[in-house]
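Right, one structure below, let's go through it.
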Amino acid sequence: MRTPSLLRSPRGRSAALAALLSVATVCAGDTAAGSFPFGPRTRSVNDLGNQFVPFHTHLWDLLHGRADGGLLLNWQSGYGTSFLPDLGTYLTSPFALLVGVFPRDRVDLAVYVITLVKTGAAAAAMAWLLTALRRGRGREWAALVLGASYALCGWSVTEAVYNPMWLDGLIAFPLLCLAGEWARTGRRPVLGTLLVTLAWVSNFYTAYMATLGAALVLAVRLLMEDGSRRERVRGLGRAARTVALGIGLAAPVLVPVFLGTRHAYPGWTRPFAPAAWPDAAARLLPATYGFFSPALFLGTGSLLLACALAFHRGVPRAERWVWPGLVALVALSLQWRPTHLLWHAFATPNGSPFRQTFVLSGLVVIAAWTAVARGWPDRRALLGGAGVVVLIAAGAAPSDLVTRWTYPLFAAGLLAALCALALVRGGRFAVLAAVLLVGAQAGQAAATTAYADRQRLKQLDDYAPWGERGRVEAEAVAGADDWPRHRTDPGLEQSTANDPLTVGGQGGAYYSSHTPDVTTRTFLALGAGWTSRGRALRSPDNPVTDAVFSVGARVHMPRDPHQVWNRPDARPVTVTRQDVPPLVTVRPPGAAASGWERSPFRNQERLLGARVYTLPATALRSGDGTPAADRNAHAYAVEPGAYTLSASCPAGSRVFLWTPDLFGTALLGTAGDPQDVRGDLPARRAGILPLGPGSGRIAVALRVERPGTVPHDSVGCLAPDRLASAVAGLKRTGATRVTVSGSGVRAQLPAGARGVAVLAAPRIAGWTCDGRPAGSYHGLVAAPLTEGRTTVDCAFRPPGLRAGTATGAAALVTLLAVACTPLVRNRVRRRARS
């Protein structure tokens, strides 16, 4: 069997081996930490478990034809939401398609493999770039080590590893630098443009940062290389054209994603605060971890070479100062608010504030390669570089991020790198030198990976991988599913904030960067709960909202035992069924769509179209019988302790409790298992809680664990007979047949229907009904019915899809013209000669 031609070249072998080294190192670190799939510890922390695994599961369903919805519309989350922005944010990397070759119950493993493949691709891309910037014959093995160093940087193994979409930016930076190099030299205009498109489609957020970094590299290359001013201007123009056309080709994805962000509920904003310089220095060293500091670790060998560049007399003076100067300026830009905003598209992120760190890591690696490509550093350069590295390590000493492993690993890596470079400089023992550099890099990176694996579990939320709980819940959902005759909601006791995507059904839970503002505000008005300050919606467990949203079956799970704060729960898995109206109902002519009231019980009645609650006066007393003081005109103030909430409900009522800012437990009466209430505004909002049947004078025992409030109108007494009557009326006048697709809904209405047709889905931007923009009925999709009309046809197209497609088509035509122009010119020249 012949070796592929790519691997027969030193450059190809260097790139392939860099990929293998980086993948093996990550696996070794995860094995040492006992992390999935090499041990019992879950790796699904933070958004990895809450977003990426569920969205990849939904992609698996789409690829296998099992999803409720399509590329445009997702019926499984938030009672109907736009999917294209989520696709463009989380799933448009080509590597995401690998999920389709795994079994559905192994999506956790698929996401891990995708993460490894992306890490390896980043290493290969950087190794290829380095040898393209300057060949460095006989030193391709150094490009191998530096390529792996880049892919194994602290940013990659501590932060991007649980945000896999960010790893597309790690790949994009060297690819965009390569495209810039081709533009500078007037080569491969089509391939360069396609690389830009690939980067921006895969993940626009990190591609933006990578583009800024590649522009800096191009500026240095134009400055350093020989050529006239005209040639430099032409090279800059070609690069600008490449980026513009590449982004234009990506517009069908980018524009809907951008507008999805514009229509999203406002997220949490945190004022920017620079990291302490000792912490920043510490993150250059192995085995450190900190959420609010830049993860700059690259391995001591790479850092030594980058620091040695300024002392390397074999490198032209200009390069010896321009590359280190660029690295220093970019490092400072991480700490200054105006440039911080520039790196993050003028919006401070609500999580880690140093997401651009991978660009700085790439620049350090390029500087390290510059110190090698023209010749191995001499003794003077190595001693000077080692001195700088030791100063950095000394500056990190005051930081609390330094661990007992940091300095021993640092010292061992520095010694190995110095010995390796001294050996290879002497012209002998090249194999031993390579082993020392590779071993030091792999050892430090594996240790840093293992340390970060452990620290993330201590500092961030984590979620169990797919297992018996998910299988049981999925089976319960599948047994009750009858979409689109009614929705089946996986329920309130969720394992992740995106349970409907993993266990099936058509639930209200939904967590995304694109959670629509109108959906969050509608859920808020109806008394639903949330986390992540309104971006992660929880399913409203309430018979009235179930009737409004046509939830005919609801699964009830015990509390998730993986979460340590949950009390043991021996309740069995149950499914409750409820007679509900169809997905499309008809409201009477002139039905008002005015604003919301303060009480979610009254707002539920507005959407239902009937009075079904009694809202009694309440009294709140502390454990010693003292009346609770008022926080304001609408709520009591509560402090940690025991309270009793009293009210009176009519006979036959079902009691519901609304305490959005209460963190503790609630129990109706004195017997039974208290229910958890998880409110802590504004980050968390507790939803309306069903307490059980209650008649006459009732008492709700509250256990408060944090200061908060209890609304005066916190108790709602639901009359089941009134609810049944309202549902019967909506069924009588509702749609007789509903057909649902991945881009809309078609409903057949009874003869003589008059008024407003209402679709039980949030009225997010993009809905049209019967060819006109859809109306809003208290936040739901609505369409007025004309005389004699018996059908309603509502379609959904994400905002920006048409404009993005037109922009992409124009960019494609322009790119074809760019590609064909040289061919036409050559033909004209041949004809002129003949």
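Going by the structure tokens order, chains are called A, B, ..., each with residues numbered from 1, while ligands are numbered from 1 in the order shown.
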| Running DSSP on the backbone, which parts of segment 604-636 of chain A land in strand (DSSP E), as a count of residues only? | 8
| Shell of 6 Å around Ser399 of chain A, only C-alpha atoms, local chain residues under 2 positions omitted, as a VMD selection string | chain A and resid 278 to 279 396 to 397 401 to 402
Suppose we keep N, CA, C and O atoms; can you now write the selection as a short mmCIF file (atom, residue, chain, number, x, y, z; two decimals), in the first residue's frame?
```cif
data_model
loop_
_atom_site.label_atom_id
_atom_site.label_comp_id
_atom_site.auth_asym_id
_atom_site.auth_seq_id
_atom_site.Cartn_x
_atom_site.Cartn_y
_atom_site.Cartn_z
N PRO A 278 0.19 38.95 38.15
CA PRO A 278 0.72 37.65 38.61
C PRO A 278 -0.14 36.47 38.15
O PRO A 278 0.39 35.40 37.81
N ASP A 279 -1.47 36.67 38.09
CA ASP A 279 -2.34 35.60 37.59
C ASP A 279 -2.10 35.36 36.10
O ASP A 279 -2.08 34.20 35.64
N ALA A 396 4.99 35.13 38.64
CA ALA A 396 3.76 34.39 38.95
C ALA A 396 3.70 33.93 40.40
O ALA A 396 2.65 33.48 40.86
N ALA A 397 4.80 34.05 41.13
CA ALA A 397 4.86 33.50 42.49
C ALA A 397 3.76 34.02 43.42
O ALA A 397 3.21 33.27 44.22
N LEU A 401 -3.07 31.05 41.87
CA LEU A 401 -3.33 30.02 40.85
C LEU A 401 -2.19 29.02 40.75
O LEU A 401 -2.37 27.94 40.19
N VAL A 402 -1.02 29.37 41.26
CA VAL A 402 0.12 28.46 41.24
C VAL A 402 -0.14 27.29 42.19
O VAL A 402 -0.59 27.49 43.33
#
```
| remark: Using only C-alpha atoms, the best pick from A:Ala735, A:Ala446, A:Ala817, A:Leu91 as closest to Pro164 of chain A would be A:Leu91
| request: Write out as a ChimeraX atom specification the residues lying within 7 Å of Ser648 of chain A, counting only C-alpha atoms and excluding same-chain residues fewer than 6 positions away. | output: /A:616,696-698
| request: Could you check how far atom CA of Ala287 of chain A sits from atom CA of Gly387 of chain A, in Å to one decimal? | output: 21.2 Å
| query | Can you tell me, as number ranges by chain, what residues are no more than 12 Å from Gly351 of chain A when counting only C-alpha atoms, ignoring any on the same chain fewer than 6 positions away? | reply | A: 46-47, 159, 163, 267-272, 291-293, 344, 460, 532
Would you pick out the contacts of segment 756-770 of chain A at 9 Å or less, using only C-alpha atoms, so that residues sharing its chain but fewer than 3 positions from it are not included, and give the list as a PDB file with C-alpha atoms, in the first residue's frame?
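part-v6.pdb, written as the output of this step:
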```pdb
ATOM      1  CA  GLY A  78     -39.421  26.437  23.905  1.00  0.00           C
ATOM      2  CA  TYR A  79     -42.763  25.301  22.403  1.00  0.00           C
ATOM      3  CA  GLY A  80     -41.385  26.125  18.956  1.00  0.00           C
ATOM      4  CA  THR A  81     -38.297  28.173  18.147  1.00  0.00           C
ATOM      5  CA  SER A  82     -35.988  29.091  15.268  1.00  0.00           C
ATOM      6  CA  GLY A 260     -31.056  35.701  16.025  1.00  0.00           C
ATOM      7  CA  HIS A 263     -33.880  39.054  18.792  1.00  0.00           C
ATOM      8  CA  PRO A 516     -35.935  34.691  21.837  1.00  0.00           C
ATOM      9  CA  ASP A 517     -36.845  37.725  23.862  1.00  0.00           C
ATOM     10  CA  VAL A 518     -40.552  37.238  23.145  1.00  0.00           C
ATOM     11  CA  THR A 519     -40.402  33.621  24.363  1.00  0.00           C
ATOM     12  CA  THR A 522     -44.144  35.251  27.487  1.00  0.00           C
ATOM     13  CA  VAL A 548     -52.763  26.909  26.262  1.00  0.00           C
ATOM     14  CA  PHE A 549     -49.782  25.153  24.632  1.00  0.00           C
ATOM     15  CA  SER A 550     -51.619  21.892  23.866  1.00  0.00           C
ATOM     16  CA  PRO A 582     -55.568  21.383  19.381  1.00  0.00           C
ATOM     17  CA  LEU A 583     -52.403  23.204  18.392  1.00  0.00           C
ATOM     18  CA  VAL A 584     -54.480  25.855  16.565  1.00  0.00           C
ATOM     19  CA  THR A 585     -57.513  27.371  18.282  1.00  0.00           C
ATOM     20  CA  VAL A 586     -59.967  30.107  17.306  1.00  0.00           C
ATOM     21  CA  ARG A 587     -60.614  33.073  19.555  1.00  0.00           C
ATOM     22  CA  PRO A 588     -63.711  35.281  19.205  1.00  0.00           C
ATOM     23  CA  PRO A 589     -63.768  38.378  16.961  1.00  0.00           C
ATOM     24  CA  GLY A 590     -62.255  41.439  18.556  1.00  0.00           C
ATOM     25  CA  ALA A 591     -60.296  39.385  21.106  1.00  0.00           C
ATOM     26  CA  GLY A 734     -60.491  24.755  17.272  1.00  0.00           C
ATOM     27  CA  ALA A 735     -58.812  23.165  14.279  1.00  0.00           C
ATOM     28  CA  GLY A 744     -44.629  25.823   9.302  1.00  0.00           C
ATOM     29  CA  VAL A 745     -48.157  24.715  10.215  1.00  0.00           C
ATOM     30  CA  LEU A 749     -60.837  24.929  10.763  1.00  0.00           C
ATOM     31  CA  ALA A 753     -64.976  29.903  12.055  1.00  0.00           C
ATOM     32  CA  PRO A 773     -46.725  38.826   8.797  1.00  0.00           C
ATOM     33  CA  ALA A 774     -48.310  36.950  11.667  1.00  0.00           C
ATOM     34  CA  GLY A 775     -49.996  38.876  14.433  1.00  0.00           C
ATOM     35  CA  SER A 776     -49.464  38.392  18.157  1.00  0.00           C
ATOM     36  CA  TYR A 777     -52.076  37.169  20.601  1.00  0.00           C
ATOM     37  CA  HIS A 778     -50.531  37.702  24.021  1.00  0.00           C
ATOM     38  CA  GLY A 779     -47.155  36.578  22.649  1.00  0.00           C
ATOM     39  CA  LEU A 780     -48.477  33.690  20.528  1.00  0.00           C
ATOM     40  CA  VAL A 781     -48.729  33.443  16.727  1.00  0.00           C
ATOM     41  CA  ALA A 782     -52.071  34.789  15.512  1.00  0.00           C
ATOM     42  CA  ALA A 783     -53.862  35.260  12.198  1.00  0.00           C
ATOM     43  CA  PRO A 784     -57.212  37.066  11.669  1.00  0.00           C
ATOM     44  CA  LEU A 785     -59.813  34.983   9.873  1.00  0.00           C
ATOM     45  CA  VAL A 792     -54.803  28.767   8.049  1.00  0.00           C
ATOM     46  CA  ASP A 793     -51.336  28.329   6.585  1.00  0.00           C
ATOM     47  CA  CYS A 794     -48.494  29.696   8.730  1.00  0.00           C
ATOM     48  CA  ALA A 795     -44.899  29.508   7.554  1.00  0.00           C
ATOM     49  CA  PHE A 796     -41.646  30.255   9.330  1.00  0.00           C
ATOM     50  CA  ARG A 797     -38.516  31.694   7.751  1.00  0.00           C
ATOM     51  CA  PRO A 798     -35.704  32.896  10.035  1.00  0.00           C
ATOM     52  CA  PRO A 799     -35.081  36.638   9.711  1.00  0.00           C
TER      53      PRO A 799
END
```
| request: Enter the distance from atom CA of Phe204 of chain A to atom CA of Ala345 of chain A, in Å, rounded to one decimal. | output: 10.8 Å
Neighbouring residues of His634 of chain A were defined as those with any atom within 10 Å, considering only C-alpha atoms; residues of the same chain fewer than 5 positions away were excluded. Please report them as a tab-separated table (two decimals) with C-alpha atoms, in the first residue's frame.
```
chain	number	residue	atom	x	y	z
A	598	ARG	CA	-48.51	41.48	37.17
A	709	THR	CA	-39.46	38.00	48.59
A	710	VAL	CA	-42.89	36.34	48.54
A	711	PRO	CA	-45.62	38.08	46.48
A	712	HIS	CA	-48.82	39.06	48.25
A	713	ASP	CA	-50.77	37.27	45.51
A	714	SER	CA	-48.59	34.18	45.60
```
| task | Could you tell me how far atom CA of Ser44 of chain A lies from atom CA of Ala683 of chain A, in Å and to one decimal? | result | 21.3 Å
| request: Find the residue from A:Arg830, A:Leu218, A:Val612, A:Ala671 that sits nearest to Asp721 of chain A; use only C-alpha atoms when measuring. | output: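 Result for the nearest residue to Asp721 of chain A: A:Val612.
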| Of the listed residues A:Val372, A:Ala434, A:Val727, A:Leu657, that which approaches Asp579 of chain A most closely, counting only C-alpha atoms |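 Once distances to Asp579 of chain A are computed over only C-alpha atoms, the minimum belongs to A:Val727.
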| A:Arg13, A:Gly771, A:Leu152, A:Arg104: which is nearest Trp128 of chain A, counting only C-alpha atoms? |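 Closest residue, counting only C-alpha atoms: A:Arg13.
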